[in-house]
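One file, entry_11.txt, carrying compact mmCIF, C-alpha atoms:
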# COMPACT_ATOMS: atom_id res chain seq x y z
CA MET G 1 185.68 -1.97 62.78
CA LYS G 2 183.45 -4.08 60.49
CA LEU G 3 181.77 -5.62 63.50
CA THR G 4 180.91 -2.18 64.88
CA LEU G 5 179.39 -1.09 61.54
CA LYS G 6 177.26 -4.27 61.42
CA PHE G 7 176.07 -3.62 64.98
CA ILE G 8 175.14 -0.03 64.09
CA LEU G 9 173.21 -1.13 60.99
CA ILE G 10 171.35 -3.87 62.87
CA SER G 11 170.52 -1.47 65.71
CA ALA G 12 169.21 1.10 63.23
CA ALA G 13 167.04 -1.54 61.53
CA VAL G 14 165.57 -2.63 64.88
CA LEU G 15 164.89 0.99 65.83
CA VAL G 16 163.10 1.71 62.53
CA THR G 17 161.04 -1.47 62.83
CA ASN G 18 159.99 -0.60 66.40
CA PHE G 19 159.06 2.95 65.35
CA ASN G 20 156.94 1.66 62.45
CA MET G 21 155.14 -0.81 64.76
CA HIS G 22 154.32 2.00 67.21
CA GLU G 23 153.12 4.22 64.38
CA ALA G 24 150.88 1.41 63.07
CA LYS G 25 149.39 0.84 66.53
CA ALA G 26 148.73 4.57 66.90
CA GLN G 27 146.80 4.56 63.62
CA ALA G 28 144.76 1.46 64.55
CA VAL G 29 142.15 3.78 66.13
CA LYS G 30 141.10 7.07 64.55
CA CYS G 31 138.77 9.49 66.37
CA PHE G 32 136.73 12.49 65.29
CA ASP G 33 134.66 15.05 67.17
CA VAL G 34 131.17 15.45 65.69
CA SER G 35 129.21 18.59 66.53
CA SER G 36 125.48 18.56 67.19
CA ARG G 37 125.20 22.02 65.60
CA THR G 38 126.32 20.97 62.11
CA GLY G 39 124.68 18.66 59.57
CA TRP G 40 126.81 16.13 57.70
CA GLN G 41 130.47 16.42 58.71
CA TYR G 42 133.00 14.77 56.39
CA PHE G 43 136.05 12.80 57.53
CA ASP G 44 138.87 11.01 55.71
CA LEU G 45 139.97 7.94 57.66
CA GLY G 46 143.22 7.58 55.73
CA GLY G 47 142.73 3.85 55.17
CA PRO G 48 140.10 1.13 55.64
CA TYR G 49 138.32 0.90 58.99
CA THR G 50 135.75 -1.75 59.87
CA ARG G 51 134.41 -0.96 63.36
CA ILE G 52 133.18 1.74 65.65
CA ALA G 53 135.61 1.31 68.56
CA SER G 54 133.93 3.79 70.91
CA VAL G 55 131.58 6.75 71.13
CA GLY G 56 131.95 9.25 73.96
CA GLY G 57 130.54 12.58 74.98
CA GLY G 58 126.97 13.78 74.77
CA TRP G 59 124.67 16.00 72.76
CA SER G 60 121.12 17.30 72.77
CA VAL G 61 118.66 18.39 70.09
CA ASP G 62 117.27 21.04 72.46
CA ALA G 63 119.80 22.12 75.05
CA ARG G 64 117.30 24.17 77.07
CA SER G 65 114.77 21.36 77.48
CA TYR G 66 116.60 18.03 77.26
CA ALA G 67 119.75 16.62 78.84
CA ARG G 68 122.59 15.42 76.66
CA VAL G 69 122.45 11.85 75.38
CA GLY G 70 124.80 9.45 73.65
CA PRO G 71 124.58 7.95 70.15
CA GLN G 72 121.31 6.12 70.85
CA GLY G 73 119.50 9.48 70.93
CA HIS G 74 116.66 10.85 73.02
CA ASN G 75 113.95 8.60 74.43
CA GLU G 76 112.25 11.21 76.61
CA PRO G 77 108.52 11.74 76.16
CA GLY G 78 107.40 15.04 74.69
CA LEU G 79 109.47 15.12 71.51
CA GLU G 80 106.86 13.34 69.34
CA PRO G 81 105.05 16.54 68.22
CA TYR G 82 108.35 17.74 66.71
CA ASN G 83 109.06 14.67 64.56
CA GLN G 84 109.00 16.78 61.39
CA TYR G 85 112.27 18.31 62.66
CA LYS G 86 114.14 15.01 62.53
CA TYR G 87 116.60 14.38 59.71
CA ASP G 88 115.18 10.84 59.47
CA GLN G 89 111.82 10.19 61.13
CA ALA G 90 112.46 6.45 61.43
CA TYR G 91 115.05 7.02 64.20
CA PRO G 92 115.09 8.85 67.56
CA PHE G 93 116.05 12.51 67.83
CA GLY G 94 119.77 12.75 68.50
CA ALA G 95 120.64 9.36 66.99
CA LEU G 96 124.18 9.15 65.57
CA PHE G 97 124.34 8.51 61.82
CA VAL G 98 127.51 7.31 60.08
CA ASP G 99 127.53 7.25 56.28
CA ILE G 100 128.81 4.07 54.61
CA PRO G 101 129.71 5.44 51.16
CA THR G 102 130.78 2.07 49.74
CA ASP G 103 127.54 0.16 50.38
CA GLY G 104 125.10 2.15 48.24
CA THR G 105 122.46 2.30 50.98
CA GLY G 106 123.52 5.44 52.81
CA TYR G 107 124.03 5.66 56.55
CA VAL G 108 123.69 3.44 59.60
CA TRP G 109 122.50 4.29 63.10
CA VAL G 110 125.45 3.78 65.40
CA ARG G 111 124.45 3.04 69.01
CA GLY G 112 127.94 2.36 70.32
CA VAL G 113 130.67 -0.17 69.64
CA GLN G 114 129.74 -2.14 66.53
CA GLN G 115 130.93 -3.65 63.28
CA LEU G 116 130.35 -1.54 60.17
CA PRO G 117 128.53 -3.15 57.23
CA LYS G 118 131.61 -2.69 55.03
CA PRO G 119 135.13 -1.27 55.43
CA ILE G 120 135.22 2.47 54.82
CA THR G 121 138.05 4.91 54.07
CA ARG G 122 135.96 8.08 54.32
CA THR G 123 132.64 8.92 55.88
CA ALA G 124 130.18 11.60 56.91
CA ILE G 125 128.64 11.74 60.39
CA ARG G 126 125.71 13.69 61.86
CA ILE G 127 123.05 13.99 64.53
CA ASN G 128 119.44 13.05 63.74
CA ASP G 129 118.02 16.55 63.67
CA ALA G 130 116.88 18.54 60.65
CA ASP G 131 119.34 21.00 59.14
CA ASN G 132 116.99 23.91 59.89
CA ALA G 133 116.70 22.87 63.57
CA LEU G 134 120.37 22.58 64.57
CA GLY G 135 120.58 26.03 66.18
CA ASP G 136 119.28 24.99 69.62
CA ASN G 137 121.49 21.89 69.83
CA SER G 138 124.52 21.51 72.05
CA GLY G 139 127.31 19.03 72.60
CA VAL G 140 129.76 16.84 70.76
CA LEU G 141 130.22 13.10 70.31
CA ARG G 142 133.72 11.68 69.85
CA VAL G 143 133.46 8.79 67.39
CA CYS G 144 136.43 6.39 67.17
CA PHE G 145 136.98 3.89 64.36
CA SER G 146 139.19 0.80 64.46
CA ARG G 147 140.44 -1.73 61.93

Let me see the file written as structure tokens.
Amino acid sequence: MKLTLKFILISAAVLVTNFNMHEAKAQAVKCFDVSSRTGWQYFDLGGPYTRIASVGGGWSVDARSYARVGPQGHNEPGLEPYNQYKYDQAYPFGALFVDIPTDGTGYVWVRGVQQLPKPITRTAIRINDADNALGDNSGVLRVCFSR
């Protein structure tokens, strides 16, 4: 009888350990959908993350005139006269910005998979388009963070 109880306890411990390992792996990547029609969008990562693991999807700063692009933003000619409608004029329209709240310098332009300047536990993400110009945008980028 004692041997059976030991076996049950050991089996339960192994099962709990395996479950916790699977749960940890599932949390190793955390993804968020970021709309092109909203300014800064705030996300709690639930723990420290150090990398952008992937960016998928597409968005446009003018859905009627320009095709959707990824995080690098638009490089089509013809947008220059509208530069005053960028959130940050130093970067292309449609660029993906990720706030790094722990570094004191603000946000970084994320072009795809990359290391973040510092680990973050929360962030804000947006498209490079002025708040008053978001109405003609379309699309979503899915931004995934990893440890």

Could you list, as a PDB file with C-alpha atoms, keeping the file's coordinate frame, every residue within 7 Å of segment 80-95 of chain G, counting only C-alpha atoms and ignoring same-chain residues fewer than 3 positions away?
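Contents of part_3.pdb, freshly written:
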ATOM      1  CA  SER G  60     121.120  17.300  72.770  1.00  0.00           C
ATOM      2  CA  VAL G  61     118.660  18.390  70.090  1.00  0.00           C
ATOM      3  CA  PRO G  71     124.580   7.950  70.150  1.00  0.00           C
ATOM      4  CA  GLN G  72     121.310   6.120  70.850  1.00  0.00           C
ATOM      5  CA  GLY G  73     119.500   9.480  70.930  1.00  0.00           C
ATOM      6  CA  HIS G  74     116.660  10.850  73.020  1.00  0.00           C
ATOM      7  CA  ASN G  75     113.950   8.600  74.430  1.00  0.00           C
ATOM      8  CA  TRP G 109     122.500   4.290  63.100  1.00  0.00           C
ATOM      9  CA  ILE G 127     123.050  13.990  64.530  1.00  0.00           C
ATOM     10  CA  ASN G 128     119.440  13.050  63.740  1.00  0.00           C
ATOM     11  CA  ASP G 129     118.020  16.550  63.670  1.00  0.00           C
ATOM     12  CA  ALA G 130     116.880  18.540  60.650  1.00  0.00           C
ATOM     13  CA  ALA G 133     116.700  22.870  63.570  1.00  0.00           C
TER      14      ALA G 133
END

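For segment 27-31 of chain G, the set of protein, DNA and RNA residues having any atom at most 8 Å away, when counting only C-alpha atoms and skipping those fewer than 6 positions along the same chain, is Leu45, Ala53, Arg142, Val143, Cys144, Phe145, Ser146 and Arg147 of chain G.
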
### Query
Which residue gives the smallest distance to Gly112 of chain G among G:Ala67, G:Leu79, G:Leu96, G:Leu134, with only C-alpha atoms counted?
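That would be G:Leu96, the residue with the smallest distance to Gly112 of chain G.
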
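Rounded to one decimal, atom CA of Ile52 of chain G and atom CA of Ser138 of chain G lie 22.5 Å from each other.
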
### Query
Expressed in Å to a single decimal, how great is the separation between atom CA of Leu141 of chain G and atom CA of Gly106 of chain G?
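Pair atom CA of Leu141 of chain G / atom CA of Gly106 of chain G returns 20.2 Å.
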
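Of note, atom CA of Thr121 of chain G and atom CA of Val140 of chain G are spaced 22.1 Å apart.
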